[in-house]
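Notes to accompany the following structure.
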Protein chains: 4
Amino acid sequence: MTEQINVGMIGAGRIGRVHAENLAYHIPEANVVAIADIFVEVAEKCAADFGIPSVFQSHRAIMENDQIDAVVICSSTDTHAQFIEEAAAAGKHIFCEKPIDFDLKRIDQALAAVEKASVKLQIGFNRRFDPSFKRVRDMVAGGEIGTPHMVHIISRDPGPPPIDYIKVSGGIFLDMTIHDFDMARYLIGSKVEEVYAVGGVMVDPEIGEAGDIDTALVTLRYANGAIGSIDNSRQAVYGYDQRVEVFGSEGGVVVANRTPDNAIVSNADGVHAAKPLYFFIERYTDAFIAEMKEFVAAIREDKTPPVTGIDGRIPVVMGLAAWKSYRENRPVKLSEID
Amino acid sequence: MTEQINVGMIGAGRIGRVHAENLAYHIPEANVVAIADIFVEVAEKCAADFGIPSVFQSHRAIMENDQIDAVVICSSTDTHAQFIEEAAAAGKHIFCEKPIDFDLKRIDQALAAVEKASVKLQIGFNRRFDPSFKRVRDMVAGGEIGTPHMVHIISRDPGPPPIDYIKVSGGIFLDMTIHDFDMARYLIGSKVEEVYAVGGVMVDPEIGEAGDIDTALVTLRYANGAIGSIDNSRQAVYGYDQRVEVFGSEGGVVVANRTPDNAIVSNADGVHAAKPLYFFIERYTDAFIAEMKEFVAAIREDKTPPVTGIDGRIPVVMGLAAWKSYRENRPVKLSEID
Amino acid sequence: MTEQINVGMIGAGRIGRVHAENLAYHIPEANVVAIADIFVEVAEKCAADFGIPSVFQSHRAIMENDQIDAVVICSSTDTHAQFIEEAAAAGKHIFCEKPIDFDLKRIDQALAAVEKASVKLQIGFNRRFDPSFKRVRDMVAGGEIGTPHMVHIISRDPGPPPIDYIKVSGGIFLDMTIHDFDMARYLIGSKVEEVYAVGGVMVDPEIGEAGDIDTALVTLRYANGAIGSIDNSRQAVYGYDQRVEVFGSEGGVVVANRTPDNAIVSNADGVHAAKPLYFFIERYTDAFIAEMKEFVAAIREDKTPPVTGIDGRIPVVMGLAAWKSYRENRPVKLSEID
Amino acid sequence: MTEQINVGMIGAGRIGRVHAENLAYHIPEANVVAIADIFVEVAEKCAADFGIPSVFQSHRAIMENDQIDAVVICSSTDTHAQFIEEAAAAGKHIFCEKPIDFDLKRIDQALAAVEKASVKLQIGFNRRFDPSFKRVRDMVAGGEIGTPHMVHIISRDPGPPPIDYIKVSGGIFLDMTIHDFDMARYLIGSKVEEVYAVGGVMVDPEIGEAGDIDTALVTLRYANGAIGSIDNSRQAVYGYDQRVEVFGSEGGVVVANRTPDNAIVSNADGVHAAKPLYFFIERYTDAFIAEMKEFVAAIREDKTPPVTGIDGRIPVVMGLAAWKSYRENRPVKLSEID
């Protein structure tokens, strides 16, 4: 096993801060040596909060630093493919937030660069590392519910992101459903071959004016015959709703939401429990730590990362297929896209 | 308010016995005076068990009995339309099990006969009378969850019926999903305009050989913009799975399964609760009583029954659309069928 | 097996109506032929509602009716022992509501009369017939949780009875806890040897002025070494709270409350479920039917009833011991009372 | 606000490691500069794992180090009072694990030393910092359930500690129930005036041979009239069982166990959920962090710590009263002890 891994962070926004904090406090095997953000004061704040010694405005300083073994890319989506290529060229291992890009050709170039450089690439599908979802996948893989017949994923945000973000997000299927597309693959361990998407603008008309929708229901057909659905909403007033269900020949398993406390109050109005944990930061606290631990372990132990570049590419295909399906109101095979 | 209603039962099979017992023991306002079944010994057994004075092999004896105010039709589906017409011609009010028929023209003839005779007709969509589902509908109707965006219905049987039944059942969408099509309408109070059905043979190949499928997932589009899904399986090894969820702009409501007991056992293997109530007889005990009470009340108080002939017809349209969608693998508008 | 059992009802109050309705609609093996109540119009109402042919003001008419096989005693507690003796003398089987009496000598006289007459006597501890509590007892008896170490019974009413009732009720330990004393014996299947009672007036000062308390916590010591507690309150604002827990060497089992519906609502305020079923009529609907079915079966099949006279006597001893313990603030052995 | 707090750890056993890890990774405001343990290799292991620069065998090296602002005492109970006094004399703030001592005089000496030196002292009652229990306390304090009438605490370990530990533990009431005595005070915010304890040896006869019991039920009477119970077992085969319930005039609140995952499995055998989190390390992960954060904050902001020396003393009085009650089988007032 190698020494402590030196990490350079690119991007110090919300998710960048999550990873910086986890690397600083929860992963002794890694050492964050530098952080870059085009908004340099954001990087400086993050550096101060989590004890990162060097701060830069340009990501180039990270790429050119020979001490850095790995980069963690948390910048905006339009920079992902380029930064992956630069990091690969610099011989650095790469953790990159999803999605790699909205363009499959661009993704393929980036993945080719990674392959050529023989560096590790892990994509940030954090939900795979949640103990409940992992347990479902293990049960499915272990045959504990028999042959899977049906899967349902419910994934609703507590509120929509700013319209400016929506406009560059790739739309609901590439920004939000992309996590669920990955979960759909992860839970069942079979390829999705066809999708059918319906949806609409039910939360905020501005989202519609931006060319996006805010509520969607996607039907999935798997290669192994299983079928499933993904339910997305940009706004559940009760908070982040993250549930899955897999039903099979020998039984079914459902994952309920997690809550900040377990107190149940009975009074004249009814019986009351806490709302779900508010949003992804709270819900996936442990999963974010676990994914980064596994990334660091993959480097130190020279193993394949648990979420590969291909795992990052396929949900983009699914998202593009979902958009095509939504627009043409017909089931679309993934092979039509790819 | 009129006197006690005299009821004649046609059909003494499983569901016929449920209604006979409920009329005998739970609905003092009704009086079962005769029962007919082509298997006369089945009718005799039912009559003995529930104190029904007269037994016949032919339903004609019921139709011709002037003392009888109302008939309860629990015979096989292929006789429903005919018996509705005969009962209407005889001036008797009618409770008929679902479906009225698989043929829309035949249904329309029967409904025309009912209208001409000005008798009451109630169709046996018992789930509307379940307290949990009724509460969801009342919440939706009362705006308690805001504008409904999404509905999910999960409806799985503990095991498939005999193959001989499957063969004459109209197939999963007309035999099983038909209940859920009604529930989809009931819960949201808006028309479904388009369906998209996927599914397969996952439980028993014999079902496939009979030309049917045993697992299905139907996407629904409502006139009011809401979307939804129905999940059906002919076999959940843990018993009858009957859940619904409605999600809206101000919140969501889910209905969990009911269980025979509320004991929760913790031991070295985990924490264990009872399986759901076994099948529809156990799950909808109270709903079967309530629907019959309301039928009797509709006659005595001269009100429109809570589930009309049109309510019986529309789910057949949805079932036919679902079959067309499944076969052509495309969304099908109800207007294509009707 | 004998013919249908002819039953005479004594007392047409709340619990009398429950038994009359159950005998009329749910127990075909029994036939209620007469009802008596000193408030004869109450008896007349009950007779009209449930089709009872004869109505009397005096219970004597029931005792003297040779057609009557069994009496169901639902009159006030001060008449129980006398009516048991009269019924025994008349050779009639007896179902009697709890408690038999507050005086052990009076109970012993009544039980001696029953023994001498060789009639069946069943005491109305309805909770034993609840499916959840029965399942706990069966688990304990079957060793599924190993050796029982600890039992907890929580039993809280939705609101106190009228003060006039409180005054003649024998006080909380003989009126309310008596059910839980029976449950404590039933669940564990071992004798309670010592009790320690604390409590106070927390709900309504008028209850204190009447010489009673409204909140109590009783510690139990069993002959087999197990220990336990009973928690009583005359008022839970959220309704009838009926839970038990048994903990043993191999695991534990808890019984949760039952609810009128299974709808769970999530909104901006939290996650909300229904309150428990309102009171004993709603909570123990099926248990009341089951206890009466078993009483009728015990007569028809000449079996020992499931709740005997001794089962009716012991909780009175426990109640008297609890009062002594409460007044002297010390643990009291049942042998001090009996 | 002062600078980062320099902490010296005394004791590197199980709980010492928890605090060392939390101080190292979760509390940037503190800096662990040294650790001492009479088993020096245990201290060395802990130092290596959590980056502590100095290791000693004797606690004196900690006391004499002028750089150290605060000590965290995790050594065996018999050293607590002495180390508190030494730390106070050295002008260091003190976090000390429970109990301070089994002897009230010895506790009073230690608390006097703390008072004289005007240093902060916080006792390690970690459960107060659990979000669920904290929420219950806040609800009670805020009047959300009205006047509290009844409290129940269930606290069962997954398995007994080694017999050698039992022998020096002070027995169940001073070792295990002591946490629940603190919880009883914390939740209700009123003094407990009298206790009555029953119990026995049900888990392991060796515990009895060591003069201790392994199962106990303690009745509590509060100064404000509320009553309550504490249920303890040294072994719940399903894991660490940590529940509380408070019932009051306006409602009740219960805290359910927390689980490692939220997956619920339905199969032919029933419906199954995960066992509770295994033991205190897992169950109170966040609470251990929170208590240490608050200790550090109390020093930096010169505030009274959230669990004072008196809060550490009273549960010892309660434990001694419980032992006296158990031995004499009678309720014992705390004033008899103190």
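Identifiers for the structure tokens are assigned positionally: chains receive A, B, ... in sequence, residues are indexed from 1 per chain, and ligands are indexed from 1 in the order shown.
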
Within 8 Å of chain B, which residues of chain C show up when using only C-alpha atoms, listed as a PDB file with C-alpha atoms, in the first residue's frame?
ATOM      1  CA  ALA C  24     -77.238 -11.166  16.571  1.00  0.00           C
ATOM      2  CA  TYR C  25     -74.959 -10.632  13.590  1.00  0.00           C
ATOM      3  CA  HIS C  26     -71.725 -12.540  14.095  1.00  0.00           C
ATOM      4  CA  PRO C 131     -55.093 -11.128  17.681  1.00  0.00           C
ATOM      5  CA  SER C 132     -51.967  -9.133  18.581  1.00  0.00           C
ATOM      6  CA  PHE C 133     -52.019  -9.915  22.299  1.00  0.00           C
ATOM      7  CA  ARG C 135     -49.910 -13.726  19.267  1.00  0.00           C
ATOM      8  CA  VAL C 136     -47.635 -12.374  22.013  1.00  0.00           C
ATOM      9  CA  ILE C 145     -38.608 -15.111  22.908  1.00  0.00           C
ATOM     10  CA  GLU C 250     -34.119 -14.733  23.040  1.00  0.00           C
ATOM     11  CA  GLY C 251     -35.780 -11.512  21.976  1.00  0.00           C
ATOM     12  CA  GLY C 252     -38.658  -9.169  22.551  1.00  0.00           C
ATOM     13  CA  VAL C 253     -42.085  -8.454  21.138  1.00  0.00           C
ATOM     14  CA  VAL C 254     -44.041  -5.237  21.220  1.00  0.00           C
ATOM     15  CA  VAL C 255     -47.624  -4.582  20.169  1.00  0.00           C
ATOM     16  CA  ALA C 256     -48.276  -1.205  18.584  1.00  0.00           C
ATOM     17  CA  ASN C 257     -51.633   0.540  18.481  1.00  0.00           C
ATOM     18  CA  ARG C 258     -54.087  -0.080  15.666  1.00  0.00           C
ATOM     19  CA  PRO C 260     -58.600   3.429  11.602  1.00  0.00           C
ATOM     20  CA  ASP C 261     -56.580   3.888   8.426  1.00  0.00           C
ATOM     21  CA  ASN C 262     -53.047   3.367   7.145  1.00  0.00           C
ATOM     22  CA  ALA C 263     -52.604   6.662   5.334  1.00  0.00           C
ATOM     23  CA  ILE C 264     -49.369   8.496   6.100  1.00  0.00           C
ATOM     24  CA  VAL C 265     -49.244  12.155   5.128  1.00  0.00           C
ATOM     25  CA  SER C 266     -46.039  14.114   4.550  1.00  0.00           C
ATOM     26  CA  ASN C 267     -46.191  17.869   4.351  1.00  0.00           C
ATOM     27  CA  ALA C 268     -44.237  20.942   5.322  1.00  0.00           C
TER      28      ALA C 268
END

Practice task
Can you list, as a ChimeraX atom specification, all residues belonging to region 196-335 of chain C that DSSP tags as strand (DSSP E)?
Solution key: /C:196-200,215-222,227-233,241-248,251-255,263-267,270-273,332-333

Handout entry: Between CA of Asp231 (chain D) and CA of Val218 (chain D) - distance in Å to one decimal
Key =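 We find that CA of Val218 (chain D) and CA of Asp231 (chain D) lie 6.7 Å from each other.
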
Identify, on the basis of only C-alpha atoms, every residue whose closest approach to Glu209 (chain C) does not exceed 10 Å; exclude the query and any residue fewer than 6 positions from it along the same chain; express the result as a PDB file with N, CA and C atoms, in the first residue's frame.
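And here is the file that came out, result_25.pdb:
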ATOM      1  N   ILE C 163     -67.886  11.198  36.802  1.00  0.00           N
ATOM      2  CA  ILE C 163     -67.526  11.105  38.219  1.00  0.00           C
ATOM      3  C   ILE C 163     -68.466  10.150  38.969  1.00  0.00           C
ATOM      4  N   LYS C 167     -67.150   6.968  41.228  1.00  0.00           N
ATOM      5  CA  LYS C 167     -67.459   6.783  42.655  1.00  0.00           C
ATOM      6  C   LYS C 167     -67.835   5.347  43.010  1.00  0.00           C
ATOM      7  N   VAL C 201     -53.244  12.034  41.132  1.00  0.00           N
ATOM      8  CA  VAL C 201     -54.336  12.699  40.430  1.00  0.00           C
ATOM      9  C   VAL C 201     -53.712  13.735  39.508  1.00  0.00           C
TER      10      VAL C 201
END

Problem - Which residue of C:Asp138, C:Glu328, C:Asp164, C:Asp204 approaches Ile188 (chain C) most closely, using only C-alpha atoms - result: C:Asp138

Handout entry: Close residues, region 103-105 of chain B itself excluded, 9 Å, only C-alpha atoms, min 5 positions apart in chain, as a list of chain:residue names
Key = B:Ala110, B:Arg313, B:Val316, B:Val317, B:Asp338

Would you save the residues from that selection as a PDB file, in the first residue's frame, using N, CA and C atoms?
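Written file, again.pdb:
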ATOM      1  N   ALA B 110     -76.121  -2.648 -22.332  1.00  0.00           N
ATOM      2  CA  ALA B 110     -76.563  -2.931 -20.960  1.00  0.00           C
ATOM      3  C   ALA B 110     -76.864  -1.631 -20.227  1.00  0.00           C
ATOM      4  N   ARG B 313     -67.707   1.292 -16.953  1.00  0.00           N
ATOM      5  CA  ARG B 313     -67.322   1.245 -18.369  1.00  0.00           C
ATOM      6  C   ARG B 313     -65.908   1.775 -18.598  1.00  0.00           C
ATOM      7  N   VAL B 316     -62.845  -0.381 -18.412  1.00  0.00           N
ATOM      8  CA  VAL B 316     -62.737  -1.336 -19.534  1.00  0.00           C
ATOM      9  C   VAL B 316     -62.056  -0.658 -20.717  1.00  0.00           C
ATOM     10  N   VAL B 317     -62.421   0.596 -20.971  1.00  0.00           N
ATOM     11  CA  VAL B 317     -61.728   1.365 -22.019  1.00  0.00           C
ATOM     12  C   VAL B 317     -60.229   1.432 -21.704  1.00  0.00           C
ATOM     13  N   ASP B 338     -62.257   4.441 -27.876  1.00  0.00           N
ATOM     14  CA  ASP B 338     -63.650   4.717 -27.569  1.00  0.00           C
ATOM     15  C   ASP B 338     -64.279   5.594 -28.653  1.00  0.00           C
TER      16      ASP B 338
END

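For Ile15 (chain A), the residues within 10 Å (counting only C-alpha atoms, excluding itself and residues fewer than 5 positions away along the chain) are A:Ala20, A:Glu21, A:Ile73, A:Cys74, A:Ser75, A:Glu97, A:Phe280, A:Ile281, A:Phe288.
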
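Minimum atom-to-atom distance to Ile166 (chain D), evaluated using only C-alpha atoms, belongs to D:Arg234 out of D:Arg234, D:Asn224, D:Lys116, D:Val307.
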
Exercise for the section: Please identify all polymer residues within 7 Å of Tyr196 (chain C), counting only C-alpha atoms, omitting same-chain residues fewer than 4 positions from it, and present them as a list in words. Expected result: Val218, Thr219, Leu220, Ala322, Ser325, Arg330, Pro331 and Val332 of chain C

May I have the selected residues written with C-alpha atoms, as a PDB file, in the first residue's frame?
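Listing of again.pdb after writing:
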ATOM      1  CA  VAL C 218     -47.708  -0.683  39.070  1.00  0.00           C
ATOM      2  CA  THR C 219     -44.609  -2.855  39.412  1.00  0.00           C
ATOM      3  CA  LEU C 220     -45.170  -6.606  39.180  1.00  0.00           C
ATOM      4  CA  ALA C 322     -52.410  -2.439  44.471  1.00  0.00           C
ATOM      5  CA  SER C 325     -49.554  -0.802  48.178  1.00  0.00           C
ATOM      6  CA  ARG C 330     -44.665  -0.337  49.985  1.00  0.00           C
ATOM      7  CA  PRO C 331     -44.649  -3.535  47.943  1.00  0.00           C
ATOM      8  CA  VAL C 332     -47.545  -5.797  48.901  1.00  0.00           C
TER       9      VAL C 332
END

Please, which residues of region 43-213 of chain D, numbered as in this document, come out helix (DSSP H, G or I) from DSSP, as a short mmCIF file (atom, residue, chain, number, x, y, z; two decimals) with N, CA and C atoms, in the first residue's frame?
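In the end it all went to selection.cif:
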data_model
loop_
_atom_site.label_atom_id
_atom_site.label_comp_id
_atom_site.auth_asym_id
_atom_site.auth_seq_id
_atom_site.Cartn_x
_atom_site.Cartn_y
_atom_site.Cartn_z
N ALA D 43 -1.75 3.60 24.56
CA ALA D 43 -1.68 5.04 24.28
C ALA D 43 -0.93 5.30 22.97
N GLU D 44 0.11 4.52 22.74
CA GLU D 44 0.90 4.69 21.51
C GLU D 44 0.06 4.38 20.27
N LYS D 45 -0.71 3.31 20.35
CA LYS D 45 -1.59 2.95 19.24
C LYS D 45 -2.58 4.08 18.95
N CYS D 46 -3.18 4.58 19.98
CA CYS D 46 -4.17 5.66 19.84
C CYS D 46 -3.50 6.91 19.26
N ALA D 47 -2.31 7.22 19.75
CA ALA D 47 -1.57 8.39 19.26
C ALA D 47 -1.27 8.24 17.77
N ALA D 48 -0.84 7.04 17.38
CA ALA D 48 -0.51 6.81 15.98
C ALA D 48 -1.77 6.93 15.11
N ASP D 49 -2.87 6.38 15.58
CA ASP D 49 -4.09 6.38 14.77
C ASP D 49 -4.65 7.78 14.58
N PHE D 50 -4.51 8.61 15.60
CA PHE D 50 -5.19 9.91 15.51
C PHE D 50 -4.23 11.09 15.57
N ARG D 60 0.68 12.15 35.07
CA ARG D 60 1.35 13.34 35.63
C ARG D 60 1.95 14.21 34.53
N ALA D 61 2.44 13.54 33.49
CA ALA D 61 3.03 14.30 32.38
C ALA D 61 1.99 15.21 31.72
N ILE D 62 0.74 14.77 31.77
CA ILE D 62 -0.35 15.61 31.24
C ILE D 62 -0.60 16.78 32.19
N MET D 63 -0.69 16.45 33.47
CA MET D 63 -1.02 17.48 34.46
C MET D 63 0.07 18.57 34.50
N THR D 77 -12.72 4.10 36.79
CA THR D 77 -13.53 4.93 37.69
C THR D 77 -12.79 5.27 38.98
N ASP D 78 -12.02 4.33 39.52
CA ASP D 78 -11.37 4.57 40.81
C ASP D 78 -10.34 5.71 40.75
N THR D 79 -9.96 6.15 39.56
CA THR D 79 -8.99 7.25 39.43
C THR D 79 -9.66 8.59 39.16
N HIS D 80 -10.97 8.58 38.86
CA HIS D 80 -11.62 9.81 38.40
C HIS D 80 -11.48 10.97 39.39
N ALA D 81 -11.85 10.71 40.65
CA ALA D 81 -11.86 11.81 41.62
C ALA D 81 -10.46 12.39 41.80
N GLN D 82 -9.49 11.50 41.92
CA GLN D 82 -8.10 11.95 42.09
C GLN D 82 -7.64 12.80 40.90
N PHE D 83 -7.91 12.32 39.69
CA PHE D 83 -7.46 13.04 38.50
C PHE D 83 -8.19 14.38 38.35
N ILE D 84 -9.46 14.39 38.75
CA ILE D 84 -10.19 15.67 38.73
C ILE D 84 -9.48 16.66 39.66
N GLU D 85 -9.14 16.19 40.84
CA GLU D 85 -8.48 17.08 41.80
C GLU D 85 -7.12 17.55 41.28
N GLU D 86 -6.38 16.65 40.72
CA GLU D 86 -5.05 17.03 40.20
C GLU D 86 -5.18 18.03 39.05
N ALA D 87 -6.15 17.76 38.18
CA ALA D 87 -6.33 18.67 37.04
C ALA D 87 -6.78 20.05 37.52
N ALA D 88 -7.69 20.05 38.49
CA ALA D 88 -8.16 21.33 39.03
C ALA D 88 -6.98 22.09 39.64
N ALA D 89 -6.17 21.38 40.40
CA ALA D 89 -5.01 22.01 41.03
C ALA D 89 -4.07 22.58 39.97
N LEU D 104 -19.96 9.35 47.85
CA LEU D 104 -20.43 10.74 47.75
C LEU D 104 -19.43 11.73 48.37
N LYS D 105 -18.79 11.32 49.47
CA LYS D 105 -17.80 12.20 50.11
C LYS D 105 -16.65 12.48 49.14
N ARG D 106 -16.22 11.40 48.51
CA ARG D 106 -15.12 11.52 47.54
C ARG D 106 -15.53 12.45 46.38
N ILE D 107 -16.75 12.31 45.94
CA ILE D 107 -17.26 13.19 44.87
C ILE D 107 -17.24 14.64 45.36
N ASP D 108 -17.73 14.83 46.59
CA ASP D 108 -17.83 16.20 47.10
C ASP D 108 -16.45 16.86 47.21
N GLN D 109 -15.46 16.08 47.62
CA GLN D 109 -14.09 16.62 47.65
C GLN D 109 -13.65 17.06 46.25
N ALA D 110 -13.90 16.18 45.29
CA ALA D 110 -13.47 16.50 43.92
C ALA D 110 -14.20 17.75 43.41
N LEU D 111 -15.50 17.82 43.66
CA LEU D 111 -16.25 18.98 43.19
C LEU D 111 -15.80 20.27 43.89
N ALA D 112 -15.43 20.13 45.17
CA ALA D 112 -14.92 21.30 45.89
C ALA D 112 -13.61 21.79 45.26
N ALA D 113 -12.77 20.84 44.89
CA ALA D 113 -11.50 21.21 44.24
C ALA D 113 -11.75 21.94 42.92
N VAL D 114 -12.73 21.45 42.18
CA VAL D 114 -13.08 22.09 40.91
C VAL D 114 -13.57 23.51 41.15
N GLU D 115 -14.42 23.64 42.17
CA GLU D 115 -14.99 24.96 42.46
C GLU D 115 -13.89 25.94 42.88
N LYS D 116 -13.03 25.45 43.74
CA LYS D 116 -11.95 26.29 44.23
C LYS D 116 -11.06 26.79 43.08
N ALA D 117 -10.80 25.89 42.14
CA ALA D 117 -9.90 26.24 41.04
C ALA D 117 -10.60 27.02 39.93
N ASN D 126 -23.33 11.25 27.65
CA ASN D 126 -23.41 11.49 26.22
C ASN D 126 -24.82 11.49 25.67
N ARG D 127 -25.72 10.75 26.32
CA ARG D 127 -27.05 10.57 25.70
C ARG D 127 -27.83 11.87 25.62
N ARG D 128 -27.50 12.82 26.50
CA ARG D 128 -28.17 14.12 26.43
C ARG D 128 -27.99 14.80 25.08
N PHE D 129 -26.97 14.38 24.35
CA PHE D 129 -26.62 15.06 23.10
C PHE D 129 -27.17 14.34 21.87
N PRO D 131 -29.85 13.59 19.19
CA PRO D 131 -30.87 14.50 18.66
C PRO D 131 -32.30 14.10 19.05
N SER D 132 -32.57 12.81 19.14
CA SER D 132 -33.94 12.39 19.47
C SER D 132 -34.26 12.70 20.93
N PHE D 133 -33.34 12.37 21.83
CA PHE D 133 -33.60 12.62 23.25
C PHE D 133 -33.65 14.13 23.54
N LYS D 134 -32.76 14.83 22.85
CA LYS D 134 -32.76 16.28 22.98
C LYS D 134 -34.10 16.86 22.52
N ARG D 135 -34.63 16.30 21.45
CA ARG D 135 -35.91 16.80 20.96
C ARG D 135 -37.02 16.53 21.98
N VAL D 136 -36.98 15.38 22.62
CA VAL D 136 -37.99 15.07 23.65
C VAL D 136 -37.89 16.07 24.78
N ARG D 137 -36.67 16.28 25.25
CA ARG D 137 -36.48 17.23 26.34
C ARG D 137 -36.98 18.63 25.95
N ASP D 138 -36.66 19.04 24.73
CA ASP D 138 -37.11 20.36 24.28
C ASP D 138 -38.63 20.43 24.21
N MET D 139 -39.25 19.33 23.78
CA MET D 139 -40.71 19.30 23.73
C MET D 139 -41.30 19.40 25.14
N VAL D 140 -40.72 18.66 26.06
CA VAL D 140 -41.21 18.69 27.44
C VAL D 140 -41.02 20.09 28.00
N ALA D 141 -39.81 20.61 27.83
CA ALA D 141 -39.50 21.94 28.37
C ALA D 141 -40.38 23.01 27.74
N ILE D 163 -16.82 -10.27 33.38
CA ILE D 163 -17.07 -10.40 34.83
C ILE D 163 -16.07 -9.55 35.62
N ASP D 164 -14.84 -9.48 35.16
CA ASP D 164 -13.85 -8.67 35.89
C ASP D 164 -14.25 -7.20 35.92
N TYR D 165 -14.87 -6.76 34.87
CA TYR D 165 -15.38 -5.39 34.86
C TYR D 165 -16.57 -5.25 35.79
N ILE D 166 -17.49 -6.19 35.70
CA ILE D 166 -18.68 -6.18 36.58
C ILE D 166 -18.25 -6.01 38.03
N LYS D 167 -17.22 -6.74 38.42
CA LYS D 167 -16.81 -6.76 39.84
C LYS D 167 -16.40 -5.39 40.37
N ILE D 172 -25.04 -2.81 38.66
CA ILE D 172 -25.87 -2.33 37.56
C ILE D 172 -26.38 -0.90 37.77
N PHE D 173 -26.76 -0.56 39.03
CA PHE D 173 -27.38 0.75 39.23
C PHE D 173 -26.38 1.90 39.13
N LEU D 174 -25.12 1.62 39.43
CA LEU D 174 -24.10 2.67 39.36
C LEU D 174 -23.32 2.64 38.05
N ASP D 175 -23.42 1.51 37.34
CA ASP D 175 -22.66 1.39 36.10
C ASP D 175 -23.53 1.62 34.87
N THR D 177 -27.52 1.82 34.97
CA THR D 177 -28.70 2.66 35.20
C THR D 177 -28.31 4.12 35.38
N ILE D 178 -27.07 4.37 35.78
CA ILE D 178 -26.64 5.74 36.04
C ILE D 178 -26.91 6.64 34.84
N HIS D 179 -26.71 6.11 33.63
CA HIS D 179 -27.03 6.86 32.41
C HIS D 179 -28.53 7.18 32.35
N ASP D 180 -29.34 6.22 32.75
CA ASP D 180 -30.79 6.40 32.67
C ASP D 180 -31.28 7.33 33.78
N PHE D 181 -30.60 7.26 34.93
CA PHE D 181 -30.93 8.23 35.99
C PHE D 181 -30.69 9.65 35.48
N ASP D 182 -29.58 9.83 34.78
CA ASP D 182 -29.33 11.17 34.23
C ASP D 182 -30.39 11.52 33.20
N MET D 183 -30.73 10.55 32.35
CA MET D 183 -31.75 10.79 31.32
C MET D 183 -33.09 11.13 31.98
N ALA D 184 -33.42 10.43 33.05
CA ALA D 184 -34.68 10.69 33.77
C ALA D 184 -34.74 12.14 34.24
N ARG D 185 -33.63 12.65 34.75
CA ARG D 185 -33.57 14.04 35.20
C ARG D 185 -33.65 14.99 34.01
N TYR D 186 -32.86 14.65 32.99
CA TYR D 186 -32.74 15.52 31.82
C TYR D 186 -34.08 15.71 31.11
N LEU D 187 -34.79 14.59 30.89
CA LEU D 187 -36.02 14.66 30.08
C LEU D 187 -37.10 15.47 30.77
N ILE D 188 -37.22 15.31 32.08
CA ILE D 188 -38.36 15.89 32.78
C ILE D 188 -38.02 17.24 33.40
N PRO D 205 -25.64 -16.34 35.53
CA PRO D 205 -25.47 -16.60 36.97
C PRO D 205 -24.15 -16.07 37.52
N GLU D 206 -23.13 -16.00 36.69
CA GLU D 206 -21.84 -15.46 37.13
C GLU D 206 -21.98 -14.02 37.63
N ILE D 207 -22.87 -13.29 37.00
CA ILE D 207 -23.11 -11.91 37.44
C ILE D 207 -23.67 -11.92 38.85
N GLY D 208 -24.55 -12.86 39.12
CA GLY D 208 -25.08 -13.00 40.48
C GLY D 208 -23.99 -13.40 41.46
N GLU D 209 -23.12 -14.30 41.04
CA GLU D 209 -22.04 -14.71 41.93
C GLU D 209 -21.10 -13.54 42.23
#

Problem - Atomic separation - CA of Lys275 (chain C) relative to CA of Ser155 (chain C), Å - result: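 Going from CA of Ser155 (chain C) over to CA of Lys275 (chain C), I get 14.9 Å.
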